[in-house]
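Asker: Pasting in a structure now, in structure tokens, and then I'll have a few things to ask.
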Amino acid sequence: MAEERRLDRLSAMLRRRGIVLPAFDIYGGVSGLIDYGPVGAAIRRRLTQKWIDHWLSHGDIVEIDSPTITPEAVLVASGHVGEFNDLMTECRACGSAFRADHLVEHLHPNADSLAADAVDGLLASGIECPSCSDAAWTAAQPMNLMFSTQIGAMSSGRTAFMRPETAQGMFMLYPALYRHFRQKLPFGAIQTGKGYRNEISPRQGMIRLREFNMAELEYFIDPENPPHVDLARRTEIITLVPDPDGPYAGETRMGFGSALDAGIVRHSTVAWFLARTWDFLVEVGIDPAQIRFRQHASTEMAHYASDCWDCEIHGEHGWIECVGIANRTCHDLESHEAHSKAKGLRAWRQFAEPRTQTVERLAPNGAVVGPTFRADAGAVVAALEALSELPDELPFELQLSDGRSVTIDSSMVERRTETANVSGEWFTPHVIEPAFGIDRIIWHVLDHAYEEAQKEGEDYTFLRLAEGISSVDCVVLPLFDKEGMPELAREITSAINSLPRARAEMDSSKSIGRRYARADEIGIPWALTVDHTSLKDGSVTIRRRDDQMQVRSFVDEILERMAAGTIQELF
RNA sequence: GCGUUCAUGGUGUAGGGGUUAGCACAAGAGGUUUCCAACCUCUUAGCCCGGGUUCAAAUCCCGGUGAGCGCACCA
């Protein structure tokens with residue numbers, strides 16, 4: 001009970017202080033849509049920027065930005081149009097809605113692959129409603145969880161969807177990325193932005209949203225030469241929940257390196273991203289004790305993925321999936337290559353030594369093949385090139401791709417043995433994808449930073465946000481709102497704001513204690529107070545949020561240290 | 001989507017068929033104050049939306065919307 005109250009108080013504080021609020025509130029609100037207020041938007045931007053910096057620092061990762069409106073064909077190839085098209089049916093008696101394939105799954109081994117009319121047939125065989133035991137169902141209809149729209153006006157418009165993930169943008173840009181990186185793997189691309197899913201019932205505050213902030217990385221590797229990773233120096237012990245169907249079922253604690261060596265994490269690059277995800281979460285203030293990595297069961301994994309991990313964070317809503325790290329293998333690029341007919345979705349693998357390949361082929365004699373087959377000549381040439389085994393003797397029957405066959409005699413072809421030096425081969429890169437739910441991470445950052453304390457008998461709350469995550473770094477407080485103190489405070493505020501990436505604001509209303517409390521509640525780590533001494537010698541007191549310690553220093557030194565990130569050393 | 005509980009200033013709440021709708025905190029203006037939600041004066045600000053019943057609805061009824069919980073759903 002006490003825990004639920006904390007959730008209520010935290011939510012109330014987030015609304016009151018302009019961090020996270022219901023969207024469109026004056027019109028009654030819309031479920032699943034939220035606003036970040038003035039404080040929350042700054043926190044979100046800074047956390048997102050930290051995420052971008054975290055990955056860009058690797059050197060082989062770049063940022064891209066692509067549209068949120070996505071043509072249907074892209075999402076057909078990615079599988080989203082199919083996968084998001086679950087068939088739903090409603091009970092005619094009580095109106096309850098269900099996944100139709102779930103209702104009939106005991107009647108068919110692959111219920112989710114059935115067409116709507118087949119499902120209707122099975123439903124009519126007397127399936128009872130789990131809610132009211134009636135047995136009358138509406139026709140099964142696809143319930144698409146994507147927001148659809150039209151590109152262009154009226155009937156000439158193309159069907160499109162608001163993207164359900166940002167990942168497809170990285171796949172669309174694969175050819176440009178491959179050129180950018182001078183045709184060398186591995187490399188990666190990141191993108192942050194909005195994603196959209198028309199959830200049936202959004203719940204749990206900002207955990208399940210209909211429009212949400214995503215941050216995704218696609219890291220392309222050569223599956224035969226995965227990048228070297230060194231986890232030997234990592235000492236942290238993490239909580240793992242391996243595949244419940246595998247040999248390591250149950251919760252275990254070990255290091256990243258051991259998990260890879262033991263084969264629990266099946267791919268070295270995946271292990272490396274688990275570790276780097278951990279680094280990011282801890283850097284932005286997630287409590288390490290509240291992080292665990294859960295491996296998908298083989299049955300739960302998308303069909304193409306070979307190793308999937310959720311990074312779950314524990315908070316007021318229990319364990320929540322906040323990051324998904326998946327080895328998507330070559331699935332996406334191959335699928336886009338097949339659907340789009342594009343050629344550039346591969347990478348070149350140079351052999352260590354050029355290989356000599358000897359090829360036996362029947363080279364067509366155009367002067368005979370052309371006049372003989374006329375319109376079919378092209379198909380005949382193609383069929384000859386495609387022969388994997390050459391006939392022992394001529395003439396022979398050649399099968400064309402459309403099923404017909406033609407007779408090829410010795411005047412039409414020449415048997416040749418060709419040798420070529422092959423220095424490498426084309427292949428489809430594999431991709432490892434860490435996908436972050438920014439809103440969920442922000443929720444847990446706030447949750448873990450929110451501390452209810454007592455101060456001289458009164459309730460007092462802190463938001464112990466990590467350095468660089470708070471909406472501003474520093475609040476400047478004139479001790480009194482007169483005698484030149486506000487003017488000096490204003491000068492100091494703008495001096496700090498002219499530093500790169502440092503933010504300050506001034507607060508001169510009400511008592512000094514109240515202003516400290518206001519700053520503590522939204523997590524501002526530093527407070528500079530301008531008093532009478534400041535007016536004489538340019539020194540101010542600087543107060544540290546986390547222990548309310550205060551030291552006196554000169555404004556110039558504080559500015560220098562703020563730019564260098566060494567404020568802590570003053571204490 | 002179904003069931004259920006709920007909806008009063010920015011936040012938390014009291015009340016409730018006819019009230020100037022109360023309180024606390026927060027916020028704004030002024031005063032006071034030599035550093036941790038002090039004090040004094042004044043001020044701003046509210047019954048979720050729509051329909052019904054009634055002489056009269058913020059209050060009762062119905063519907064919607066939103067929130068919490070349970071079921072279902074959750075690439």
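In the structure tokens, chains take the letters A, B, ... in the order shown, each chain's residues start at 1, and ligands count up from 1 in the order shown.
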Give as an MDAnalysis selection string every residue of chain B that touches chain A within 10 Å, counting only C-alpha atoms (C1' of nucleotides).
Answerer: chainID B and resid 1:3 10:12 26 28 33:38 48:49 65:68 71:75
Asker: Neighbouring residues of A:Arg415 were defined as those with any atom within 10 Å, considering only C-alpha atoms (C1' of nucleotides); residues of the same chain fewer than 6 positions away were excluded. Please report them as a PyMOL selection string.
Answerer: chain A and resi 360-364+390
Asker: Considering only C-alpha atoms, can you say which of A:Ile190, A:Leu400, A:Leu33, A:Ala160 comes closest to A:Ile52?
Answerer: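 Residue with the minimum atom-to-atom distance to A:Ile52: A:Ile190.
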Asker: I'd like the neighbourhood of A:Pro71 as a PyMOL selection string, where a residue qualifies if any of its atoms comes within 9 Å (using only C-alpha atoms (C1' of nucleotides)), though same-chain residues fewer than 6 positions away should be ignored.
Answerer: chain A and resi 150-151+158-162
Asker: Could you tell me which of A:Ala386, A:Ile237, A:Leu570, A:Val369 comes closest to A:Pro288 if we count only C-alpha atoms?
Answerer: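 Checking each of A:Ala386, A:Ile237, A:Leu570, A:Val369 against A:Pro288, counting only C-alpha atoms, the winner is A:Ile237.
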Asker: Give me, please, the distance in Å between atom CA of A:Glu414 and atom CA of A:Asn365, quoted to one decimal.
Answerer: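 These two atoms are separated by 7.1 Å.
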Asker: Would you list the contacts of stretch 65-68 of chain A as a ChimeraX atom specification, taking every protein, DNA or RNA residue within 6 Å and counting only C-alpha atoms (C1' of nucleotides), but skipping same-chain residues closer than 3 positions in sequence?
Answerer: /A:162-163,169,191
Asker: Which neighbours of B:C47 fall inside 9 Å, counting only C-alpha atoms (C1' of nucleotides), when residues of the same chain fewer than 6 positions from it are skipped, and could you give them as a ChimeraX atom specification?
Answerer: /B:8,21,58
Asker: Keeping only all heavy atoms, write those residues as an mmCIF file, in the first residue's frame.
Answerer:
data_model
loop_
_atom_site.group_PDB
_atom_site.id
_atom_site.type_symbol
_atom_site.label_atom_id
_atom_site.label_comp_id
_atom_site.auth_asym_id
_atom_site.auth_seq_id
_atom_site.Cartn_x
_atom_site.Cartn_y
_atom_site.Cartn_z
ATOM 1 P P U B 8 -11.001 15.527 -9.350
ATOM 2 O OP1 U B 8 -9.994 16.144 -10.216
ATOM 3 O OP2 U B 8 -10.615 14.760 -8.166
ATOM 4 O "O5'" U B 8 -12.025 16.645 -8.887
ATOM 5 C "C5'" U B 8 -12.668 17.468 -9.836
ATOM 6 C "C4'" U B 8 -13.135 18.739 -9.182
ATOM 7 O "O4'" U B 8 -14.036 18.413 -8.083
ATOM 8 C "C3'" U B 8 -12.045 19.560 -8.515
ATOM 9 O "O3'" U B 8 -11.359 20.363 -9.453
ATOM 10 C "C2'" U B 8 -12.833 20.368 -7.503
ATOM 11 O "O2'" U B 8 -13.531 21.409 -8.159
ATOM 12 C "C1'" U B 8 -13.851 19.324 -7.031
ATOM 13 N N1 U B 8 -13.385 18.572 -5.847
ATOM 14 C C2 U B 8 -13.451 19.209 -4.621
ATOM 15 O O2 U B 8 -13.867 20.346 -4.500
ATOM 16 N N3 U B 8 -13.013 18.459 -3.559
ATOM 17 C C4 U B 8 -12.524 17.181 -3.590
ATOM 18 O O4 U B 8 -12.175 16.644 -2.552
ATOM 19 C C5 U B 8 -12.478 16.588 -4.900
ATOM 20 C C6 U B 8 -12.891 17.292 -5.949
ATOM 21 P P A B 21 -20.468 29.607 -3.826
ATOM 22 O OP1 A B 21 -19.955 29.432 -5.185
ATOM 23 O OP2 A B 21 -21.776 29.043 -3.441
ATOM 24 O "O5'" A B 21 -19.349 29.096 -2.826
ATOM 25 C "C5'" A B 21 -19.708 28.469 -1.608
ATOM 26 C "C4'" A B 21 -18.929 27.190 -1.430
ATOM 27 O "O4'" A B 21 -19.268 26.244 -2.473
ATOM 28 C "C3'" A B 21 -17.411 27.314 -1.566
ATOM 29 O "O3'" A B 21 -16.823 27.845 -0.400
ATOM 30 C "C2'" A B 21 -17.024 25.864 -1.817
ATOM 31 O "O2'" A B 21 -17.106 25.102 -0.622
ATOM 32 C "C1'" A B 21 -18.146 25.426 -2.745
ATOM 33 N N9 A B 21 -17.783 25.575 -4.148
ATOM 34 C C8 A B 21 -18.176 26.541 -5.031
ATOM 35 N N7 A B 21 -17.677 26.396 -6.241
ATOM 36 C C5 A B 21 -16.898 25.256 -6.136
ATOM 37 C C6 A B 21 -16.106 24.575 -7.062
ATOM 38 N N6 A B 21 -15.961 24.959 -8.337
ATOM 39 N N1 A B 21 -15.461 23.470 -6.647
ATOM 40 C C2 A B 21 -15.602 23.091 -5.367
ATOM 41 N N3 A B 21 -16.319 23.653 -4.403
ATOM 42 C C4 A B 21 -16.947 24.733 -4.855
ATOM 43 P P A B 58 -24.709 22.015 -12.296
ATOM 44 O OP1 A B 58 -24.210 23.238 -11.609
ATOM 45 O OP2 A B 58 -25.126 22.129 -13.719
ATOM 46 O "O5'" A B 58 -23.696 20.813 -12.196
ATOM 47 C "C5'" A B 58 -22.307 20.974 -12.237
ATOM 48 C "C4'" A B 58 -21.632 20.048 -11.243
ATOM 49 O "O4'" A B 58 -21.022 20.885 -10.227
ATOM 50 C "C3'" A B 58 -22.582 19.106 -10.490
ATOM 51 O "O3'" A B 58 -22.663 17.856 -11.137
ATOM 52 C "C2'" A B 58 -21.948 18.985 -9.118
ATOM 53 O "O2'" A B 58 -20.931 18.003 -9.097
ATOM 54 C "C1'" A B 58 -21.288 20.361 -8.952
ATOM 55 N N9 A B 58 -22.128 21.330 -8.251
ATOM 56 C C8 A B 58 -22.694 22.471 -8.779
ATOM 57 N N7 A B 58 -23.371 23.182 -7.915
ATOM 58 C C5 A B 58 -23.239 22.453 -6.735
ATOM 59 C C6 A B 58 -23.731 22.688 -5.435
ATOM 60 N N6 A B 58 -24.478 23.728 -5.107
ATOM 61 N N1 A B 58 -23.428 21.791 -4.479
ATOM 62 C C2 A B 58 -22.667 20.729 -4.820
ATOM 63 N N3 A B 58 -22.153 20.407 -6.006
ATOM 64 C C4 A B 58 -22.473 21.326 -6.927
#
Asker: Take atom CA of A:Pro226 and atom CA of A:Ala189 and report the distance between them in Å, one decimal.
Answerer: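 It comes out at 17.0 Å.
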Asker: Given the choices A:Phe462, A:Phe181, A:Phe373, A:Tyr219, which gets closest to A:Val406 if the distance is worked out from only C-alpha atoms?
Answerer: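 Between A:Phe462, A:Phe181, A:Phe373, A:Tyr219, the residue approaching A:Val406 most closely is A:Phe373.
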